[in-house]
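Below is one structure, written out as structure tokens; the observations come after it.
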Amino acid sequence: MRDLFVAMVKEEWRIHATMAGNLGFGLFPVMIAAFSFMGAWILPLFLEIVPASLLAFIVHAMFALMGVMVGSFGIMGREFMNRRFGQASLIAYSSRSLPLSERTIFATFVAKDVLFYLFLWVIPAVAGIAAAAPFIGMEPAFPLLLLVTFSLSFLEGLAVVFFLSTLYARSPRIAGAILAAGAVAVALASLAGIGPAMLLPPYAFLLAPGILPLAASLALIGIPAAVSIAWATIEYPDAARRYPNSFDGLSDRLSLFSRPWLTAKDALDLRRSEGGIAKIIFSFLMPLGLVWVFLSVLFRFIPGLSPLIVFAVLLGVISSTTYNWLTEFDTFSAYAFLPVDVRTVITGKLQSYGVINLVSLAVLILAAAAAGDAGAVVPAVLAFLSVSAYSLAVTVRLTGLYPSVMLYQVRVFLLYLAAISPALLVLIFVSILDPWYAAGSVVLLPAAWFLLDRAMLRWTAFDMPSY
């Protein structure tokens, strides 16, 4: 068991270090601690504007989302390894060659994820807060409480996704039904006025430490994790799949694009991969749901903000992350024997992103209809389109076809934040004066065009071999 655990930890490190570099990935927790220290240092300034309870909820929701992201790799790990590294696979999917039960392997895999990512994300964040505690008058014991509640939030997200992955392995339809039922339950709870403390027990435990919120937190972690391990199966439904030739017809229907064959390939890849289009919808709706809850709380304390404008700006950033899925299982080497260059491949990905982004635009229009704020619809749409295009351009410029791994490089991640954050803050704060000021976001479009042009030149030189 110990040898298996150590091997899995080494494997997890090598997956990231192979693509982000040992130093680049090793410095990532240091960067998290530094950000946490700076955030804690200016905490008194934030508390003059935003209540401490709201800030605490935002941070705990972020850690729950991190747990969801980590658990999602457990679902897609086998396909990711096979597509990126040929026939390579994770140890967790080697049950047939190891004299161990699937339950033992899966339990070790869960333990590895918990420990590895606690040290990667949670502990560095708390260490930064603890380092700043003497300078901001924070009680020395409070960081220890944060370590408990942050860890519980992270583990809650992780356990829920592992539970869904186990159900998916047994029956994709049941997993989808339970996920839909959970989303409806959260929506009904929000409409009924049930506060975020009820939806996130670790946050409730921070506000009022006691047996009940602690027990609820442990139950939300322990029960899904126990069910996942008891029903563990590494073998996903693997029936022989046969598909008719859809490529030609789909390419014809996408003939308006300059690269219809690449857009068609992306569509077929997503449809036929494990999880299909549902994995994009899940990765999109989860942070969107957290944004919705966050905004519903935020507007109670900061008057003057236009809910639709803020939602449109944040939706633009969230939408840009779907580009990660379009490149998740691709490397340029797969196209190296074809008469295409990196510019052509990236252009195809951008066109595929444009199609997927229509879903985000539809979500924004529905939100506008629900908000009943007709006067802010046009600037909200302009802000969404501009922020989405700019965020995507920054991602492509910095990471090319490798956004999922290169953002773990400290330098790349810092550049990404430096390029995105100022634009978002300016748009949100000018919209307080007048929602129509957000229409000025169209100035981001020329910047996006310039960044994409530079990205094409950079990644063509980077990826193409020199002779």
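Note on naming: chains are A, B, ... as they come in the structure tokens, residues start from 1 per chain, ligands start from 1 in the order shown.
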Which neighbours of A:Leu206 fall inside 8 Å, counting only C-alpha atoms, when residues of the same chain fewer than 6 positions from it are skipped, and could you give them as a tab-separated table (two decimals) with C-alpha atoms, in the first residue's frame?
chain	number	residue	atom	x	y	z
A	145	LEU	CA	-9.13	27.02	12.04
A	146	LEU	CA	-8.77	28.14	8.41
A	149	THR	CA	-12.25	24.69	7.04
**Study point:** One-decimal distance in Å that lies between atom CA of A:Asn357 and atom CA of A:Ser320
**Key:** 8.3 Å
Study note, to complete from the structure: From atom CA of A:Ser404 to atom CA of A:Leu350 the spacing works out at 15.9 Å
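Distances from A:Ala40, A:Val160, A:Ala52, A:Val148 to A:Pro209 were compared using only C-alpha atoms, and the smallest one belongs to A:Val148.
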Could you pull out the residues in stretch 305-368 of chain A that DSSP calls alpha helix (DSSP H) from the backbone, as a short mmCIF file (atom, residue, chain, number, x, y, z; two decimals) with N, CA and C atoms, in the first residue's frame?
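Output file out-v6.cif is given in full below:
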data_model
loop_
_atom_site.label_atom_id
_atom_site.label_comp_id
_atom_site.auth_asym_id
_atom_site.auth_seq_id
_atom_site.Cartn_x
_atom_site.Cartn_y
_atom_site.Cartn_z
N PRO A 307 -25.89 44.13 -11.70
CA PRO A 307 -25.74 42.67 -11.66
C PRO A 307 -25.46 42.07 -13.04
N LEU A 308 -26.13 42.59 -14.06
CA LEU A 308 -25.98 42.02 -15.39
C LEU A 308 -24.59 42.28 -15.97
N ILE A 309 -24.06 43.47 -15.73
CA ILE A 309 -22.72 43.81 -16.24
C ILE A 309 -21.66 42.94 -15.57
N VAL A 310 -21.74 42.84 -14.24
CA VAL A 310 -20.75 42.04 -13.52
C VAL A 310 -20.84 40.58 -13.95
N PHE A 311 -22.06 40.08 -14.10
CA PHE A 311 -22.24 38.70 -14.54
C PHE A 311 -21.65 38.51 -15.94
N ALA A 312 -21.86 39.48 -16.83
CA ALA A 312 -21.35 39.37 -18.20
C ALA A 312 -19.82 39.35 -18.22
N VAL A 313 -19.20 40.18 -17.39
CA VAL A 313 -17.73 40.24 -17.34
C VAL A 313 -17.16 38.91 -16.84
N LEU A 314 -17.72 38.41 -15.73
CA LEU A 314 -17.22 37.14 -15.19
C LEU A 314 -17.55 35.97 -16.11
N LEU A 315 -18.69 36.04 -16.78
CA LEU A 315 -19.05 34.99 -17.73
C LEU A 315 -18.06 34.94 -18.88
N GLY A 316 -17.57 36.11 -19.32
CA GLY A 316 -16.58 36.15 -20.39
C GLY A 316 -15.30 35.42 -20.02
N VAL A 317 -14.84 35.60 -18.77
CA VAL A 317 -13.62 34.91 -18.32
C VAL A 317 -13.87 33.42 -18.19
N ILE A 318 -14.99 33.03 -17.59
CA ILE A 318 -15.30 31.62 -17.42
C ILE A 318 -15.43 30.93 -18.77
N SER A 319 -16.06 31.61 -19.72
CA SER A 319 -16.25 31.02 -21.05
C SER A 319 -14.92 30.75 -21.73
N SER A 320 -13.94 31.62 -21.51
CA SER A 320 -12.65 31.44 -22.17
C SER A 320 -11.95 30.16 -21.74
N THR A 322 -13.21 27.27 -21.67
CA THR A 322 -13.61 26.13 -22.49
C THR A 322 -12.57 25.86 -23.59
N TYR A 323 -11.73 26.83 -23.88
CA TYR A 323 -10.62 26.61 -24.81
C TYR A 323 -9.69 25.51 -24.28
N ASN A 324 -9.60 25.41 -22.95
CA ASN A 324 -8.77 24.36 -22.35
C ASN A 324 -9.25 22.98 -22.77
N TRP A 325 -10.58 22.79 -22.85
CA TRP A 325 -11.11 21.50 -23.23
C TRP A 325 -10.82 21.20 -24.70
N LEU A 326 -10.84 22.23 -25.52
CA LEU A 326 -10.59 22.01 -26.94
C LEU A 326 -9.16 21.57 -27.21
N THR A 327 -8.26 21.89 -26.29
CA THR A 327 -6.85 21.53 -26.47
C THR A 327 -6.40 20.45 -25.48
N VAL A 342 1.01 25.35 -37.22
CA VAL A 342 0.43 25.66 -35.92
C VAL A 342 -0.65 26.73 -36.04
N ARG A 343 -0.42 27.72 -36.90
CA ARG A 343 -1.42 28.78 -37.09
C ARG A 343 -2.76 28.20 -37.53
N THR A 344 -2.71 27.23 -38.44
CA THR A 344 -3.94 26.61 -38.93
C THR A 344 -4.67 25.87 -37.81
N VAL A 345 -3.91 25.12 -37.00
CA VAL A 345 -4.52 24.35 -35.90
C VAL A 345 -5.15 25.29 -34.87
N ILE A 346 -4.42 26.34 -34.49
CA ILE A 346 -4.96 27.27 -33.50
C ILE A 346 -6.18 27.99 -34.05
N THR A 347 -6.15 28.36 -35.34
CA THR A 347 -7.31 29.00 -35.95
C THR A 347 -8.53 28.09 -35.88
N GLY A 348 -8.33 26.79 -36.14
CA GLY A 348 -9.43 25.84 -36.03
C GLY A 348 -9.98 25.77 -34.61
N LYS A 349 -9.08 25.81 -33.61
CA LYS A 349 -9.53 25.79 -32.21
C LYS A 349 -10.34 27.04 -31.88
N LEU A 350 -9.90 28.18 -32.41
CA LEU A 350 -10.61 29.43 -32.14
C LEU A 350 -12.01 29.40 -32.76
N GLN A 351 -12.12 28.82 -33.93
CA GLN A 351 -13.43 28.73 -34.56
C GLN A 351 -14.34 27.77 -33.80
N SER A 352 -13.78 26.68 -33.29
CA SER A 352 -14.56 25.76 -32.44
C SER A 352 -15.01 26.48 -31.17
N TYR A 353 -14.12 27.29 -30.63
CA TYR A 353 -14.47 28.06 -29.43
C TYR A 353 -15.62 29.01 -29.72
N GLY A 354 -15.61 29.63 -30.91
CA GLY A 354 -16.69 30.53 -31.28
C GLY A 354 -18.04 29.84 -31.28
N VAL A 355 -18.06 28.59 -31.74
CA VAL A 355 -19.32 27.83 -31.75
C VAL A 355 -19.78 27.54 -30.32
N ILE A 356 -18.85 27.06 -29.48
CA ILE A 356 -19.21 26.73 -28.09
C ILE A 356 -19.63 27.99 -27.34
N ASN A 357 -19.03 29.13 -27.67
CA ASN A 357 -19.31 30.36 -26.95
C ASN A 357 -20.73 30.86 -27.19
N LEU A 358 -21.41 30.34 -28.21
CA LEU A 358 -22.80 30.70 -28.43
C LEU A 358 -23.67 30.25 -27.25
N VAL A 359 -23.25 29.17 -26.60
CA VAL A 359 -23.98 28.71 -25.41
C VAL A 359 -23.88 29.74 -24.30
N SER A 360 -22.68 30.29 -24.10
CA SER A 360 -22.48 31.32 -23.08
C SER A 360 -23.31 32.55 -23.40
N LEU A 361 -23.36 32.92 -24.67
CA LEU A 361 -24.16 34.08 -25.07
C LEU A 361 -25.64 33.84 -24.77
N ALA A 362 -26.10 32.61 -25.02
CA ALA A 362 -27.49 32.28 -24.72
C ALA A 362 -27.76 32.36 -23.21
N VAL A 363 -26.80 31.90 -22.40
CA VAL A 363 -26.94 32.00 -20.94
C VAL A 363 -27.06 33.46 -20.52
N LEU A 364 -26.24 34.33 -21.11
CA LEU A 364 -26.29 35.76 -20.78
C LEU A 364 -27.64 36.36 -21.15
N ILE A 365 -28.18 36.00 -22.30
CA ILE A 365 -29.48 36.53 -22.73
C ILE A 365 -30.58 36.07 -21.79
N LEU A 366 -30.51 34.80 -21.37
CA LEU A 366 -31.48 34.30 -20.40
C LEU A 366 -31.37 35.03 -19.07
N ALA A 367 -30.13 35.29 -18.64
CA ALA A 367 -29.92 36.03 -17.39
C ALA A 367 -30.47 37.44 -17.51
N ALA A 368 -30.30 38.07 -18.68
CA ALA A 368 -30.82 39.41 -18.90
C ALA A 368 -32.34 39.42 -18.83
#
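Around stretch 448-450 of chain A, within 9 Å and counting only C-alpha atoms, the residues found are Ser386, Ala389, Tyr390, Ser391, Leu392, Ala393 and Val394 of chain A, once anything fewer than 6 positions away on its own chain is removed.
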Let's have the selection written as a PDB file, in the first residue's frame, with N, CA and C atoms.
ATOM      1  N   SER A 386     -16.342  41.179 -25.564  1.00  0.00           N
ATOM      2  CA  SER A 386     -15.000  41.763 -25.513  1.00  0.00           C
ATOM      3  C   SER A 386     -14.114  41.038 -24.510  1.00  0.00           C
ATOM      4  N   ALA A 389     -13.268  37.492 -25.772  1.00  0.00           N
ATOM      5  CA  ALA A 389     -12.248  37.506 -26.825  1.00  0.00           C
ATOM      6  C   ALA A 389     -10.879  37.850 -26.257  1.00  0.00           C
ATOM      7  N   TYR A 390     -10.830  38.826 -25.350  1.00  0.00           N
ATOM      8  CA  TYR A 390      -9.545  39.251 -24.789  1.00  0.00           C
ATOM      9  C   TYR A 390      -8.948  38.164 -23.898  1.00  0.00           C
ATOM     10  N   SER A 391      -9.781  37.557 -23.038  1.00  0.00           N
ATOM     11  CA  SER A 391      -9.286  36.492 -22.157  1.00  0.00           C
ATOM     12  C   SER A 391      -8.769  35.312 -22.974  1.00  0.00           C
ATOM     13  N   LEU A 392      -9.492  34.981 -24.038  1.00  0.00           N
ATOM     14  CA  LEU A 392      -9.054  33.900 -24.911  1.00  0.00           C
ATOM     15  C   LEU A 392      -7.722  34.251 -25.580  1.00  0.00           C
ATOM     16  N   ALA A 393      -7.592  35.490 -26.052  1.00  0.00           N
ATOM     17  CA  ALA A 393      -6.360  35.903 -26.724  1.00  0.00           C
ATOM     18  C   ALA A 393      -5.162  35.849 -25.783  1.00  0.00           C
ATOM     19  N   VAL A 394      -5.357  36.272 -24.535  1.00  0.00           N
ATOM     20  CA  VAL A 394      -4.277  36.211 -23.546  1.00  0.00           C
ATOM     21  C   VAL A 394      -3.881  34.746 -23.307  1.00  0.00           C
TER      22      VAL A 394
END
Practice item. Might you pull out every residue within 7 Å of A:Val122, with only C-alpha atoms counted and same-chain residues fewer than 4 positions away left off, and present them as a VMD selection string? Key: chain A and resid 118 126 150 to 151
